[in-house]
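Chemist: Please find protein-v8.pdb (PDB, C-alpha atoms) on the next line:
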MODEL        1
ATOM      1  CA  MET V   1      -3.191 -11.016 -19.642  1.00  0.00           C
ATOM      2  CA  ARG V   2      -2.854 -11.917 -15.969  1.00  0.00           C
ATOM      3  CA  ASP V   3      -4.330 -15.232 -14.883  1.00  0.00           C
ATOM      4  CA  SER V   4      -7.070 -14.306 -12.410  1.00  0.00           C
ATOM      5  CA  THR V   5      -6.180 -17.364 -10.337  1.00  0.00           C
ATOM      6  CA  THR V   6      -2.565 -16.200  -9.866  1.00  0.00           C
ATOM      7  CA  PRO V   7      -2.093 -14.047  -6.755  1.00  0.00           C
ATOM      8  CA  VAL V   8      -0.980 -10.495  -7.439  1.00  0.00           C
ATOM      9  CA  LEU V   9       1.188 -10.916  -4.347  1.00  0.00           C
ATOM     10  CA  ARG V  10       2.277 -13.986  -2.427  1.00  0.00           C
ATOM     11  CA  ALA V  11       4.649 -14.297   0.504  1.00  0.00           C
ATOM     12  CA  GLU V  12       5.890 -17.398   2.279  1.00  0.00           C
ATOM     13  CA  GLY V  13       7.829 -17.596   5.514  1.00  0.00           C
ATOM     14  CA  LEU V  14       8.788 -13.916   5.710  1.00  0.00           C
ATOM     15  CA  VAL V  15      11.086 -13.085   8.615  1.00  0.00           C
ATOM     16  CA  LYS V  16      12.581  -9.708   9.535  1.00  0.00           C
ATOM     17  CA  THR V  17      14.515  -8.799  12.664  1.00  0.00           C
ATOM     18  CA  HIS V  18      15.712  -5.277  13.419  1.00  0.00           C
ATOM     19  CA  HIS V  19      19.083  -5.024  15.161  1.00  0.00           C
ATOM     20  CA  GLY V  20      20.003  -1.923  17.105  1.00  0.00           C
ATOM     21  CA  GLU V  21      20.687  -0.939  20.667  1.00  0.00           C
ATOM     22  CA  GLY V  22      19.245  -3.429  23.105  1.00  0.00           C
ATOM     23  CA  ALA V  23      17.628  -6.738  22.241  1.00  0.00           C
ATOM     24  CA  PRO V  24      16.796  -7.587  18.609  1.00  0.00           C
ATOM     25  CA  ALA V  25      13.248  -6.634  17.570  1.00  0.00           C
ATOM     26  CA  HIS V  26      11.476  -9.492  15.812  1.00  0.00           C
ATOM     27  CA  ALA V  27       9.204  -7.432  13.550  1.00  0.00           C
ATOM     28  CA  VAL V  28       7.976 -10.176  11.193  1.00  0.00           C
ATOM     29  CA  ARG V  29       7.948 -13.830  12.237  1.00  0.00           C
ATOM     30  CA  GLY V  30       7.277 -16.340   9.473  1.00  0.00           C
ATOM     31  CA  VAL V  31       4.405 -14.659   7.630  1.00  0.00           C
ATOM     32  CA  ASP V  32       2.508 -16.343   4.770  1.00  0.00           C
ATOM     33  CA  LEU V  33       0.171 -14.148   2.716  1.00  0.00           C
ATOM     34  CA  ARG V  34      -1.770 -14.242  -0.566  1.00  0.00           C
ATOM     35  CA  VAL V  35      -3.508 -11.282  -2.206  1.00  0.00           C
ATOM     36  CA  THR V  36      -5.631 -12.093  -5.250  1.00  0.00           C
ATOM     37  CA  PRO V  37      -6.550  -9.724  -8.103  1.00  0.00           C
ATOM     38  CA  GLY V  38      -9.160  -7.167  -7.102  1.00  0.00           C
ATOM     39  CA  GLU V  39      -8.922  -7.762  -3.344  1.00  0.00           C
ATOM     40  CA  PHE V  40      -8.870  -4.927  -0.822  1.00  0.00           C
ATOM     41  CA  VAL V  41      -6.965  -6.255   2.195  1.00  0.00           C
ATOM     42  CA  ALA V  42      -6.468  -4.270   5.397  1.00  0.00           C
ATOM     43  CA  ILE V  43      -3.762  -5.229   7.902  1.00  0.00           C
ATOM     44  CA  THR V  44      -4.557  -3.888  11.360  1.00  0.00           C
ATOM     45  CA  GLY V  45      -3.007  -4.192  14.782  1.00  0.00           C
ATOM     46  CA  PRO V  46      -1.413  -2.221  17.613  1.00  0.00           C
ATOM     47  CA  SER V  47       1.592   0.046  17.197  1.00  0.00           C
ATOM     48  CA  GLY V  48       4.814  -1.938  17.100  1.00  0.00           C
ATOM     49  CA  ALA V  49       3.121  -5.085  15.805  1.00  0.00           C
ATOM     50  CA  GLY V  50       5.283  -5.068  12.652  1.00  0.00           C
ATOM     51  CA  LYS V  51       2.602  -4.002  10.147  1.00  0.00           C
ATOM     52  CA  SER V  52       4.672  -1.363   8.353  1.00  0.00           C
ATOM     53  CA  THR V  53       7.751  -3.582   8.274  1.00  0.00           C
ATOM     54  CA  LEU V  54       5.676  -6.270   6.572  1.00  0.00           C
ATOM     55  CA  LEU V  55       4.409  -3.805   3.973  1.00  0.00           C
ATOM     56  CA  HIS V  56       7.950  -2.533   3.334  1.00  0.00           C
ATOM     57  CA  LEU V  57       9.118  -6.105   2.761  1.00  0.00           C
ATOM     58  CA  LEU V  58       6.264  -6.717   0.321  1.00  0.00           C
ATOM     59  CA  GLY V  59       7.190  -3.566  -1.626  1.00  0.00           C
ATOM     60  CA  GLY V  60      10.895  -4.347  -1.751  1.00  0.00           C
ATOM     61  CA  LEU V  61      11.789  -1.365   0.446  1.00  0.00           C
ATOM     62  CA  GLN V  62      13.407  -3.742   2.922  1.00  0.00           C
ATOM     63  CA  ARG V  63      14.820  -7.209   2.367  1.00  0.00           C
ATOM     64  CA  PRO V  64      13.619 -10.168   4.445  1.00  0.00           C
ATOM     65  CA  ASP V  65      16.035 -12.204   6.543  1.00  0.00           C
ATOM     66  CA  ALA V  66      14.219 -15.316   5.333  1.00  0.00           C
ATOM     67  CA  GLY V  67      11.267 -16.212   3.139  1.00  0.00           C
ATOM     68  CA  SER V  68      10.188 -15.368  -0.408  1.00  0.00           C
ATOM     69  CA  ILE V  69       7.863 -12.984  -2.232  1.00  0.00           C
ATOM     70  CA  TRP V  70       6.152 -13.536  -5.586  1.00  0.00           C
ATOM     71  CA  LEU V  71       4.711 -10.778  -7.809  1.00  0.00           C
ATOM     72  CA  ASP V  72       2.183 -12.087 -10.334  1.00  0.00           C
ATOM     73  CA  GLY V  73       3.666 -15.554  -9.875  1.00  0.00           C
ATOM     74  CA  GLU V  74       7.284 -14.425 -10.353  1.00  0.00           C
ATOM     75  CA  CYS V  75       9.684 -15.070  -7.478  1.00  0.00           C
ATOM     76  CA  THR V  76      11.605 -11.956  -6.418  1.00  0.00           C
ATOM     77  CA  ASP V  77      14.417 -13.743  -4.567  1.00  0.00           C
ATOM     78  CA  GLY V  78      16.945 -12.667  -7.194  1.00  0.00           C
ATOM     79  CA  TYR V  79      15.863  -9.042  -7.380  1.00  0.00           C
ATOM     80  CA  ASN V  80      18.486  -6.426  -6.531  1.00  0.00           C
ATOM     81  CA  GLU V  81      17.665  -2.857  -5.480  1.00  0.00           C
ATOM     82  CA  ALA V  82      17.579  -1.628  -9.082  1.00  0.00           C
ATOM     83  CA  ARG V  83      15.149  -4.368 -10.139  1.00  0.00           C
ATOM     84  CA  TRP V  84      12.877  -3.646  -7.177  1.00  0.00           C
ATOM     85  CA  ALA V  85      12.877   0.032  -8.183  1.00  0.00           C
ATOM     86  CA  VAL V  86      11.733  -0.959 -11.675  1.00  0.00           C
ATOM     87  CA  GLU V  87       8.970  -3.166 -10.261  1.00  0.00           C
ATOM     88  CA  ARG V  88       7.764  -0.347  -8.015  1.00  0.00           C
ATOM     89  CA  ARG V  89       7.332   1.776 -11.140  1.00  0.00           C
ATOM     90  CA  ARG V  90       5.593  -0.969 -13.133  1.00  0.00           C
ATOM     91  CA  ARG V  91       3.670  -3.205 -10.756  1.00  0.00           C
ATOM     92  CA  ILE V  92       3.517  -1.614  -7.281  1.00  0.00           C
ATOM     93  CA  GLY V  93       2.240   1.807  -6.283  1.00  0.00           C
ATOM     94  CA  ILE V  94       3.045   2.887  -2.714  1.00  0.00           C
ATOM     95  CA  VAL V  95       1.416   5.572  -0.567  1.00  0.00           C
ATOM     96  CA  PHE V  96       3.080   6.561   2.714  1.00  0.00           C
ATOM     97  CA  GLN V  97       1.858   8.196   5.908  1.00  0.00           C
ATOM     98  CA  PHE V  98       4.023  11.287   5.410  1.00  0.00           C
ATOM     99  CA  PHE V  99       3.359  11.611   1.646  1.00  0.00           C
ATOM    100  CA  ASN V 100       7.066  11.452   0.583  1.00  0.00           C
ATOM    101  CA  LEU V 101       6.540  14.012  -2.170  1.00  0.00           C
ATOM    102  CA  VAL V 102       9.585  15.707  -3.716  1.00  0.00           C
ATOM    103  CA  SER V 103       9.417  19.104  -2.046  1.00  0.00           C
ATOM    104  CA  ASP V 104      11.125  21.079  -4.826  1.00  0.00           C
ATOM    105  CA  LEU V 105       8.972  19.636  -7.625  1.00  0.00           C
ATOM    106  CA  SER V 106       5.505  20.901  -8.527  1.00  0.00           C
ATOM    107  CA  VAL V 107       2.397  18.776  -8.100  1.00  0.00           C
ATOM    108  CA  ALA V 108       2.410  18.021 -11.832  1.00  0.00           C
ATOM    109  CA  ASP V 109       6.055  16.978 -11.817  1.00  0.00           C
ATOM    110  CA  ASN V 110       5.623  14.801  -8.713  1.00  0.00           C
ATOM    111  CA  VAL V 111       2.799  12.869 -10.369  1.00  0.00           C
ATOM    112  CA  GLU V 112       4.440  12.565 -13.794  1.00  0.00           C
ATOM    113  CA  LEU V 113       7.874  11.524 -12.500  1.00  0.00           C
ATOM    114  CA  PRO V 114       7.172   7.765 -12.015  1.00  0.00           C
ATOM    115  CA  ALA V 115       5.657   7.556 -15.506  1.00  0.00           C
ATOM    116  CA  LEU V 116       8.633   9.286 -17.102  1.00  0.00           C
ATOM    117  CA  LEU V 117      11.057   7.051 -15.187  1.00  0.00           C
ATOM    118  CA  ALA V 118       9.131   4.037 -16.471  1.00  0.00           C
ATOM    119  CA  GLY V 119       9.681   5.181 -20.062  1.00  0.00           C
ATOM    120  CA  VAL V 120       6.226   6.621 -20.737  1.00  0.00           C
ATOM    121  CA  SER V 121       6.263   9.463 -23.260  1.00  0.00           C
ATOM    122  CA  PRO V 122       5.893  12.988 -21.820  1.00  0.00           C
ATOM    123  CA  LYS V 123       2.598  13.369 -23.693  1.00  0.00           C
ATOM    124  CA  LYS V 124       1.105  10.209 -22.172  1.00  0.00           C
ATOM    125  CA  ALA V 125       2.495  11.024 -18.723  1.00  0.00           C
ATOM    126  CA  ARG V 126       0.878  14.455 -18.874  1.00  0.00           C
ATOM    127  CA  ALA V 127      -2.455  12.998 -19.983  1.00  0.00           C
ATOM    128  CA  ALA V 128      -2.427  10.434 -17.169  1.00  0.00           C
ATOM    129  CA  ARG V 129      -1.527  13.143 -14.656  1.00  0.00           C
ATOM    130  CA  GLU V 130      -4.296  15.445 -15.854  1.00  0.00           C
ATOM    131  CA  GLU V 131      -6.889  12.667 -15.623  1.00  0.00           C
ATOM    132  CA  LEU V 132      -5.883  11.643 -12.103  1.00  0.00           C
ATOM    133  CA  LEU V 133      -5.619  15.173 -10.706  1.00  0.00           C
ATOM    134  CA  ALA V 134      -9.054  16.017 -12.128  1.00  0.00           C
ATOM    135  CA  GLU V 135     -10.564  12.896 -10.579  1.00  0.00           C
ATOM    136  CA  LEU V 136      -8.934  13.622  -7.226  1.00  0.00           C
ATOM    137  CA  GLY V 137     -10.201  17.206  -7.124  1.00  0.00           C
ATOM    138  CA  LEU V 138      -6.814  18.809  -7.666  1.00  0.00           C
ATOM    139  CA  GLU V 139      -7.461  20.758 -10.868  1.00  0.00           C
ATOM    140  CA  GLY V 140      -5.712  24.106 -10.683  1.00  0.00           C
ATOM    141  CA  LYS V 141      -3.058  22.778  -8.298  1.00  0.00           C
ATOM    142  CA  GLU V 142      -0.676  21.516 -10.999  1.00  0.00           C
ATOM    143  CA  ARG V 143       1.865  24.328 -10.514  1.00  0.00           C
ATOM    144  CA  SER V 144       1.609  24.345  -6.716  1.00  0.00           C
ATOM    145  CA  MET V 145       4.482  23.071  -4.602  1.00  0.00           C
ATOM    146  CA  PRO V 146       3.782  20.366  -1.981  1.00  0.00           C
ATOM    147  CA  GLY V 147       4.402  22.764   0.893  1.00  0.00           C
ATOM    148  CA  GLU V 148       1.582  24.981  -0.343  1.00  0.00           C
ATOM    149  CA  LEU V 149      -1.005  22.216  -0.004  1.00  0.00           C
ATOM    150  CA  SER V 150      -2.988  20.907   2.951  1.00  0.00           C
ATOM    151  CA  GLY V 151      -2.217  17.453   4.302  1.00  0.00           C
ATOM    152  CA  GLY V 152      -5.258  15.990   2.584  1.00  0.00           C
ATOM    153  CA  GLU V 153      -4.262  17.553  -0.735  1.00  0.00           C
ATOM    154  CA  GLN V 154      -0.708  16.249  -0.406  1.00  0.00           C
ATOM    155  CA  GLN V 155      -2.016  12.723   0.227  1.00  0.00           C
ATOM    156  CA  ARG V 156      -4.211  12.970  -2.868  1.00  0.00           C
ATOM    157  CA  VAL V 157      -1.148  13.984  -4.893  1.00  0.00           C
ATOM    158  CA  ALA V 158       0.707  11.007  -3.419  1.00  0.00           C
ATOM    159  CA  LEU V 159      -2.181   8.733  -4.425  1.00  0.00           C
ATOM    160  CA  ALA V 160      -2.127  10.124  -7.979  1.00  0.00           C
ATOM    161  CA  ARG V 161       1.625   9.533  -8.142  1.00  0.00           C
ATOM    162  CA  ALA V 162       1.204   5.941  -6.934  1.00  0.00           C
ATOM    163  CA  LEU V 163      -1.493   5.217  -9.539  1.00  0.00           C
ATOM    164  CA  VAL V 164      -0.117   7.079 -12.570  1.00  0.00           C
ATOM    165  CA  ASN V 165       1.402   3.893 -14.048  1.00  0.00           C
ATOM    166  CA  HIS V 166      -1.762   1.834 -13.385  1.00  0.00           C
ATOM    167  CA  PRO V 167       0.061  -0.662 -11.140  1.00  0.00           C
ATOM    168  CA  PRO V 168      -1.674  -3.991 -10.477  1.00  0.00           C
ATOM    169  CA  LEU V 169      -1.011  -3.545  -6.735  1.00  0.00           C
ATOM    170  CA  LEU V 170      -1.363  -0.506  -4.475  1.00  0.00           C
ATOM    171  CA  LEU V 171       0.345  -0.630  -1.067  1.00  0.00           C
ATOM    172  CA  ALA V 172      -0.817   1.989   1.440  1.00  0.00           C
ATOM    173  CA  ASP V 173       1.094   2.453   4.701  1.00  0.00           C
ATOM    174  CA  GLU V 174      -1.047   4.358   7.242  1.00  0.00           C
ATOM    175  CA  PRO V 175      -2.240   6.720   4.466  1.00  0.00           C
ATOM    176  CA  ALA V 176      -4.457   8.693   6.869  1.00  0.00           C
ATOM    177  CA  GLY V 177      -2.050   8.630   9.808  1.00  0.00           C
ATOM    178  CA  SER V 178      -1.127  12.304   9.358  1.00  0.00           C
ATOM    179  CA  LEU V 179      -4.618  13.539   8.484  1.00  0.00           C
ATOM    180  CA  ASP V 180      -7.595  14.904  10.390  1.00  0.00           C
ATOM    181  CA  SER V 181     -11.031  13.268  10.336  1.00  0.00           C
ATOM    182  CA  LYS V 182     -12.016  14.980   7.091  1.00  0.00           C
ATOM    183  CA  GLY V 183      -8.822  13.848   5.400  1.00  0.00           C
ATOM    184  CA  THR V 184      -9.317  10.326   6.702  1.00  0.00           C
ATOM    185  CA  ARG V 185     -12.833  10.165   5.225  1.00  0.00           C
ATOM    186  CA  GLU V 186     -11.465  11.484   1.945  1.00  0.00           C
ATOM    187  CA  VAL V 187      -8.765   8.808   1.748  1.00  0.00           C
ATOM    188  CA  MET V 188     -11.280   6.117   2.662  1.00  0.00           C
ATOM    189  CA  ARG V 189     -13.653   7.273  -0.089  1.00  0.00           C
ATOM    190  CA  LEU V 190     -10.899   7.375  -2.706  1.00  0.00           C
ATOM    191  CA  LEU V 191      -9.515   3.944  -1.846  1.00  0.00           C
ATOM    192  CA  ALA V 192     -13.025   2.479  -2.000  1.00  0.00           C
ATOM    193  CA  ARG V 193     -13.627   4.142  -5.373  1.00  0.00           C
ATOM    194  CA  PHE V 194     -10.462   2.737  -6.948  1.00  0.00           C
ATOM    195  CA  HIS V 195     -11.130  -0.681  -5.439  1.00  0.00           C
ATOM    196  CA  GLN V 196     -14.595  -0.714  -7.020  1.00  0.00           C
ATOM    197  CA  ARG V 197     -12.866  -0.284 -10.377  1.00  0.00           C
ATOM    198  CA  GLY V 198     -10.761  -3.382  -9.801  1.00  0.00           C
ATOM    199  CA  GLN V 199      -7.647  -1.956  -8.131  1.00  0.00           C
ATOM    200  CA  THR V 200      -5.945  -4.455  -5.819  1.00  0.00           C
ATOM    201  CA  ILE V 201      -5.103  -2.750  -2.505  1.00  0.00           C
ATOM    202  CA  LEU V 202      -3.112  -3.807   0.544  1.00  0.00           C
ATOM    203  CA  LEU V 203      -3.622  -1.282   3.337  1.00  0.00           C
ATOM    204  CA  VAL V 204      -1.784  -1.058   6.652  1.00  0.00           C
ATOM    205  CA  THR V 205      -3.735   0.948   9.217  1.00  0.00           C
ATOM    206  CA  HIS V 206      -4.534   1.206  12.909  1.00  0.00           C
ATOM    207  CA  ASP V 207      -7.743   3.096  12.023  1.00  0.00           C
ATOM    208  CA  ALA V 208     -10.860   0.924  12.144  1.00  0.00           C
ATOM    209  CA  ARG V 209     -12.688   3.380   9.868  1.00  0.00           C
ATOM    210  CA  LEU V 210     -10.229   2.823   7.038  1.00  0.00           C
ATOM    211  CA  ALA V 211     -10.114  -0.934   7.632  1.00  0.00           C
ATOM    212  CA  SER V 212     -13.907  -1.087   7.330  1.00  0.00           C
ATOM    213  CA  ALA V 213     -13.600  -0.162   3.640  1.00  0.00           C
ATOM    214  CA  ALA V 214     -11.721  -3.415   2.935  1.00  0.00           C
ATOM    215  CA  ASP V 215     -13.286  -6.750   2.069  1.00  0.00           C
ATOM    216  CA  ARG V 216     -10.722  -8.714   4.074  1.00  0.00           C
ATOM    217  CA  VAL V 217      -9.113  -7.731   7.374  1.00  0.00           C
ATOM    218  CA  ILE V 218      -5.956  -9.315   8.768  1.00  0.00           C
ATOM    219  CA  SER V 219      -5.099  -8.779  12.412  1.00  0.00           C
ATOM    220  CA  PHE V 220      -1.337  -8.551  12.901  1.00  0.00           C
ATOM    221  CA  PHE V 221       0.120  -9.012  16.362  1.00  0.00           C
ATOM    222  CA  ASP V 222       3.706  -9.507  17.546  1.00  0.00           C
ATOM    223  CA  GLY V 223       5.007 -10.044  14.016  1.00  0.00           C
ATOM    224  CA  ARG V 224       2.444 -12.683  13.074  1.00  0.00           C
ATOM    225  CA  ILE V 225      -0.922 -12.938  11.353  1.00  0.00           C
ATOM    226  CA  ALA V 226      -3.222 -13.619  14.282  1.00  0.00           C
ATOM    227  CA  ASP V 227      -6.577 -13.506  12.479  1.00  0.00           C
ATOM    228  CA  ASP V 228      -7.862 -13.307   8.909  1.00  0.00           C
ATOM    229  CA  ALA V 229     -11.504 -12.421   8.218  1.00  0.00           C
ATOM    230  CA  GLU V 230     -13.434 -12.042   4.966  1.00  0.00           C
ATOM    231  CA  LEU V 231     -15.911  -9.206   5.431  1.00  0.00           C
ATOM    232  CA  ASP V 232     -17.780  -8.999   2.128  1.00  0.00           C
ATOM    233  CA  GLY V 233     -21.232 -10.177   1.155  1.00  0.00           C
ATOM    234  CA  GLY V 234     -22.562 -10.728   4.646  1.00  0.00           C
ATOM    235  CA  ALA V 235     -21.219 -14.286   4.726  1.00  0.00           C
ATOM    236  CA  PRO V 236     -19.837 -15.628   7.998  1.00  0.00           C
ATOM    237  CA  PRO V 237     -16.257 -14.332   8.378  1.00  0.00           C
ATOM    238  CA  ARG V 238     -13.444 -16.766   7.631  1.00  0.00           C
ATOM    239  CA  ARG V 239     -11.226 -16.631  10.709  1.00  0.00           C
ATOM    240  CA  THR V 240      -7.916 -18.270  11.405  1.00  0.00           C
ATOM    241  CA  GLY V 241      -5.262 -17.946  14.045  1.00  0.00           C
ATOM    242  CA  ILE V 242      -5.355 -16.909  17.654  1.00  0.00           C
ATOM    243  CA  SER V 243      -8.910 -16.357  18.866  1.00  0.00           C
ATOM    244  CA  GLY V 244      -9.672 -13.011  20.415  1.00  0.00           C
ATOM    245  CA  VAL V 245      -6.640 -11.166  19.084  1.00  0.00           C
ATOM    246  CA  LEU V 246      -8.865  -8.882  16.995  1.00  0.00           C
ATOM    247  CA  GLU V 247      -9.756  -7.196  20.267  1.00  0.00           C
ATOM    248  CA  LEU V 248      -6.164  -5.959  20.474  1.00  0.00           C
ATOM    249  CA  LYS V 249      -6.556  -3.712  17.408  1.00  0.00           C
ATOM    250  CA  ASP V 250      -6.271   0.025  17.941  1.00  0.00           C
TER     251      ASP V 250
ENDMDL
END
Using structure tokens, write down the structure from this file.

Modeler:
Amino acid sequence: MRDSTTPVLRAEGLVKTHHGEGAPAHAVRGVDLRVTPGEFVAITGPSGAGKSTLLHLLGGLQRPDAGSIWLDGECTDGYNEARWAVERRRRIGIVFQFFNLVSDLSVADNVELPALLAGVSPKKARAAREELLAELGLEGKERSMPGELSGGEQQRVALARALVNHPPLLLADEPAGSLDSKGTREVMRLLARFHQRGQTILLVTHDARLASAADRVISFFDGRIADDAELDGGAPPRRTGISGVLELKD
């Protein structure tokens, strides 16, 4: 059983610089972060602030130039790409802005795939898929292909896929960025529902509506955490960092 005092996710001194044409882009500049079990944390800030790069580092999709990441108290410094892939099946579910569904697999197969890759029996994978699709209002869509679904439906399939292995941590990278207002409300409602059941969520978004569902909001600006505010319970927010930077959020 996980120690409730151990962060689900901890990062210290994360640095990431992108090199391409022109000057280097310093996307993440010495970030420290702790996410405890059951928290819903939103990271907000303007486009180009480095929010998505930070989330990709935390999910092992990119490697930091410096700094360390711990999952459930275990340092990931020695993880190679194969080990990170295993951890993303076991401990980290990820939802992306553009869904990233496998276009030539059915809805059912897209959702079951991470469970099967993690060694879950086909029977259990099917049962988990059926439960999630029913809860997400996708009954009857099992045989559909992703291209036959609306954007909101595709994002719900992506959410089911991310949660099929019951990961301790869900990372969501602009999950409503490709959706209309109805789809955005739907995603917000679903994230809030799973959080109420104890799911730990780290959300990157420029949308204040989605961020308002979180109980902690981090303002990210120029590769750094500029402000950190607890929003739950009506208590005075805990703020750190550069005063006034929250006004720079989209």

Chemist: Which residues match the PyMOL selection byres ((chain V and resi 209) around 12) in the file above, as a ChimeraX atom specification?

Modeler: /V:42,44,174,176-177,181-182,184-189,192,205-208,210-214,217,250

Chemist: Under the PyMOL selection byres ((chain V and resi 72) around 8), which residues of this model are included? Write them out as a ChimeraX atom specification.

Modeler: /V:2,6-9,70-71,73-74

Chemist: Give, as lines of an AutoDock Vina configuration file, the centre coordinates and the x, y and z edge lengths in Å to one decimal for an axis-aligned box around all listed atoms of segment 196-207 of chain V, padded by 3 Å on each side.

Modeler:
center_x = -8.2
center_y = -0.7
center_z = 1.3
size_x = 18.8
size_y = 13.6
size_z = 29.3

Chemist: For this file, the PyMOL selection byres ((chain V and resi 31-35) around 8) selects which residues, as a ChimeraX atom specification?

Modeler: /V:7-15,28-30,36-37,39,41,202,223-225

Chemist: What is the distance, in Å and to one decimal place, between atom CA of Phe221 of chain V and atom CA of His26 of chain V?

Modeler: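 That distance, rounded to one decimal, is 11.4 Å.
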
Chemist: Tell me, counting all atoms listed in the file, for each residue of segment 30-107 of chain V within 6 Å of segment 155-165 of chain V, which pair of atoms is nearest and how far apart they are in Å to one decimal, in rows ordered by chain and increasing number, as a tab-separated table.

Modeler:
residue	atom	partner	partner_atom	distance
V:Gly93	CA	V:Ala162	CA	4.3
V:Ile94	CA	V:Ala162	CA	5.5
V:Phe99	CA	V:Gln155	CA	5.7

Chemist: Would you mind reading off the distance between atom CA of Val95 of chain V and atom CA of Ala172 of chain V, one decimal, in Å?

Modeler: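 Between atom CA of Val95 of chain V and atom CA of Ala172 of chain V the gap is 4.7 Å.
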
Chemist: Could you check the closest approach to Gln97 of chain V for each of V:Pro167, V:Gly50, V:Gly152, V:Gly137 and tell me which residue wins, using all atoms listed in the file?

Modeler: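 Smallest distance to Gln97 of chain V is found for V:Gly152.
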
Chemist: Could you tell me how far atom CA of Arg63 of chain V sits from atom CA of Gln154 of chain V, in Å to one decimal place?

Modeler: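 Value for the atom CA of Gln154 of chain V-atom CA of Arg63 of chain V distance: 28.3 Å.
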
Chemist: Give the answer as one residue: which of V:Ala226, V:Ala118, V:Lys16, V:Gly140 has the shortest atom-to-atom distance to Ala66 of chain V, using all atoms listed in the file?

Modeler: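 Nearest to Ala66 of chain V: V:Lys16.
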
Chemist: Compare V:Leu61, V:Ile43, V:Leu170, V:Leu191 by their minimum atom-to-atom distance to Asp228 of chain V, counting all atoms listed in the file, and give me the closest one.

Modeler: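 The closest residue to Asp228 of chain V is V:Ile43.
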
Chemist: Around (18.2, -6.6, -4.5) in the file's frame, which residues reach within 12 Å when counting only C-alpha atoms? Return as a ChimeraX atom specification?

Modeler: /V:57,59-64,76-87

Chemist: Please check which residues have atoms at most 12 Å from (7.8, 21.1, -9.8) in the file's coordinates, counting all atoms listed in the file, and write them as a PyMOL selection string.

Modeler: chain V and resi 101-113+141-148

Chemist: Near Asp215 of chain V, counting all atoms listed in the file, which residues have an atom at most 7 Å away, once you skip same-chain residues fewer than 5 positions from it, shown as a ChimeraX atom specification?

Modeler: /V:40-41,230-232

Chemist: Which of these residues is nearest to Ser178 of chain V, using all atoms listed in the file: V:Phe98, V:Phe220, V:Gly67, V:Gly198?

Modeler: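 For Ser178 of chain V, the nearest of the given residues is V:Phe98.
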